[in-house]
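Colleague: Pasting in a structure now, in structure tokens, and then I'll have a few things to ask.
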There are 4 protein chains.
Amino acid sequence: MIEEGDRVILVGQKREYYLRAGPGKFGSDAGEIQLADLIGKMPGDRVETHLGKTFTIRVPRPPDFFTHGKRSGAPMLPKDIGMVIAYTGMNRNDSVLDAGTGSGVAAIYFGGIAHHVDTYEIRPEFARLAEKNIVDASLDNVTVHAEDVLSAEGSYDIVHLDMMIQKEHVAHAHSLLVPGGFFVTYTPFFEQTFSVIDACNEFFSGGVNCFECMERELTRTARGTRPSTRVAHSGFLTIARK
Amino acid sequence: MIEEGDRVILVGQKREYYLRAGPGKFGSDAGEIQLADLIGKMPGDRVETHLGKTFTIRVPRPPDFFTHGKRSGAPMLPKDIGMVIAYTGMNRNDSVLDAGTGSGVAAIYFGGIAHHVDTYEIRPEFARLAEKNIVDASLDNVTVHAEDVLSAEGSYDIVHLDMMIQKEHVAHAHSLLVPGGFFVTYTPFFEQTFSVIDACNEFFSGGVNCFECMERELTRTARGTRPSTRVAHSGFLTIARK
Amino acid sequence: MIEEGDRVILVGQKREYYLRAGPGKFGSDAGEIQLADLIGKMPGDRVETHLGKTFTIRVPRPPDFFTHGKRSGAPMLPKDIGMVIAYTGMNRNDSVLDAGTGSGVAAIYFGGIAHHVDTYEIRPEFARLAEKNIVDASLDNVTVHAEDVLSAEGSYDIVHLDMMIQKEHVAHAHSLLVPGGFFVTYTPFFEQTFSVIDACNEFFSGGVNCFECMERELTRTARGTRPSTRVAHSGFLTIARK
Amino acid sequence: MIEEGDRVILVGQKREYYLRAGPGKFGSDAGEIQLADLIGKMPGDRVETHLGKTFTIRVPRPPDFFTHGKRSGAPMLPKDIGMVIAYTGMNRNDSVLDAGTGSGVAAIYFGGIAHHVDTYEIRPEFARLAEKNIVDASLDNVTVHAEDVLSAEGSYDIVHLDMMIQKEHVAHAHSLLVPGGFFVTYTPFFEQTFSVIDACNEFFSGGVNCFECMERELTRTARGTRPSTRVAHSGFLTIARK
């Protein structure tokens, strides 16, 4: 049931809107809705504008936060977040250390899966933004630290870095991981990818692999079916096991 | 702590072995270990063979079940399982319906994340194999049904099919999904992919997309760094939202 | 030496211009040049504007006609034209039949290589446009036929079609090819690609293959080196040997 | 008409054989053929074994030399040779300088197109091998130099290097090119690709681009149509214009 302050998506005929149940009203070509009227509703319920048009209520899932959440720079794409989850086998027993939080998209995905996520973001304005997005995602197992990840302590099953990475970060990640744990980095440029691979080979004995994931969409229209003329590339994932 | 009957991986210098704590012994070039000696040990502990060689104990994670679990035909690759998780935003609140279980690799991944997974496998010998792999993965929230998925009832956040798909499967999946829920199919051939897209466009109003994910490894040796001369392709993921 | 009416490219500091030696003048921010002054010049010579800025003279090569020639719809990309040349081994001894001329880009490439090219374009306005581009490329071994390619007769080493293809086109191409000759089609959609493959398998005994070529650019800047976030896909090349 | 000493391909039901018309005989499961009997025949003619099986005569084209010619290490793939031809617009007016001849596959392709090709191969045994393959391809416009390419003089429209490249090679290539001419290198590793790009940016003002070409085959069988699970990657093409 939707409560005051919850994020809600209203899905119309052509567009969807990312709103918050509570004070104020939402207006579009289709008419107006009082946002307080969303409180107490269930996902899938319909609400009607003063012009008699209907919207369907959706409770946001992680891909919705990727699409609608406030951003800071370029977030990791879902395809790459999915590769991190798959290659590490992230699951409900895991303690995850994440750094380079940005707007928190990866942390929101990880928070929905893992036991606990500590995410480090050294830029205070990004840390505040991530904090808000994480609250909107109703996650109480994700802690945002507005600090240098090198100050992190404890024991983790997975360490994931989406930031500029020095050799000391690799050594530090290794020291925090449990045996069999995974270190994963996302690096958009070759130069840094190569230096991360080299550092991982120095510290990790359980295997180091580096992948890229090229995602391509199929488009199917009345004219025919074809691959999209774009293939999304984004960066490289280096995966090292302790 | 490792208990009798638990799956354990022993990691040596060059190879790793997928074993079970309990009766019997394990022998390799490096010497012998009594498997009962693994009971009570912790991940990361070392055990010594009668020749004085050491192995490190690892508790298997989902990628280990992909690598070491008993197989039936070609399982989905982790990259594609990761895409399913990412595009649906699978998380601990989700009820997941899976079908075409095979040896259970996807179900093991999903079971580590979701609240509950019902997985349907119509071939009884595969259902039994999946059941064993799922027990080995210590998951108690995954139910294997040795039945036609069309007999499934209930309400799900995600329906995932890795099997031959008819239009009736698409209609049935739609009827079981909550509003905002996701239907995902994995199809290796174009012909079936196209017919799945068409059926999804008929039943699902929340958007239908079809992707492939080409994963490519970077290899870095003393000679230099280059992309692997292989790029893994496997199949197409069609994602429809209710 | 550049003669009256020849196409010339003037290469400046930042931009290049596709012009014609002869009457009139060319003006840009850098000043004016009388186009008659280009006559008698050699490639690599420099010309000066009335403002004292210099441009270098370039005689266009096939990629320049791709970049600068007048277009009709979407021409084949150089990468795909290169694949046609490579898979057929096109060379100076070859008679080539080309159809779906469009603006003539492929015909210009082929004309620079083969002994003779007959190119068929059923749309008269495109045939006229191609004719002009081919004259600009100074090719006297390319004949544009404003006709249906099914009316072509003779004997060819290579038949290349970039058009909507029916089974009768495949049969006809087969009948015109010498033993060991190649039939190549470019098709952007899967549906037509599949029907072309089927027709080729019916008529051609020397092997039928179908490829796509994904071209990706590396970008190297002060920030680092990375693959372009786009990968160009265009269509499928089906190659059948008689 | 086939003359004594010419290379001939005999195409049977299932396999093809790369032979030479002249003394000796060819034997397979299908029976024997006197190779002198091929002299005077035409492409497409059939010859019969002593067991009454027939083979069709094919005169080799450049892709046949790639498939059947004697090799030295890994030759450039046709797809990459085709990209070189396409990006440079290689044609019958061109003088081409090629180095890193290897077994001569690229030189054979280029020789069938360009006015003249000088190809440099510093390893004498490879130069001899290339010489033989080029004679087999009946090309009289390709000169093999068993020397360091840095000793090359003259003026070229295209310089193509498939070898270990130092900065001095880039400077030398630039000095030999006509205005508007193209320098192209093939490099399998990132490290060298990056240093070639840097050197090209230093010497060439007409634009520097670097591409890779991922070729993927479509396979179509009774089970369905799908992309091959392999995508061929080979190396990077850096293209610089003077």
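Here's how to read the names in the structure tokens: chain A, B, ... by the order shown, residue numbers from 1 in each chain, ligand numbers from 1 in the order shown.
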Taking only C-alpha atoms into account, which residues of chain B are within 6 Å of chain A, as an NGL selection string?
Modeller: :B and (44 or 58 or 62-63 or 78-79 or 82-83 or 86 or 89 or 91-92 or 112-113 or 179-180 or 210-218)
Colleague: Enumerate, as an NGL selection string, the complete set of residues in range 29-237 of chain A that a backbone-based DSSP assignment places in alpha helix (DSSP H).
Modeller: :A and (62-68 or 78-88 or 105-111 or 124-136 or 167-176 or 190-203)
Colleague: Which residues are close to Gly102 in chain A, i.e. within 9 Å by only C-alpha atoms, leaving aside same-chain residues fewer than 3 positions away? Reply as a list in words.
Modeller: Arg71, Ser72, Gly73, Ala74, Pro75, Ala99, Val105, Ala106, Glu121, Arg123, Phe126, Ala127, Leu129, Ala130 and Asp162 of chain A
Colleague: Kindly give the distance, in Å, that separates CA of Glu32 in chain D and CA of Leu51 in chain D, rounded to a single decimal.
Modeller: 7.5 Å
Colleague: Could you give me the residues within chain B that DSSP places in strand (DSSP E), as an MDAnalysis selection string?
Modeller: chainID B and resid 7:11 16:20 25:28 31:34 46:48 54:58 95:99 116:120 142:145 156:161 177:187 208:221 224:232 236:241
Colleague: Could you pull the residues within 9 Å of Tyr120 in chain A, counting only C-alpha atoms, minus those fewer than 2 positions along the same chain, as a PyMOL selection string?
Modeller: chain A and resi 97-101+118+122+127+143-149+152
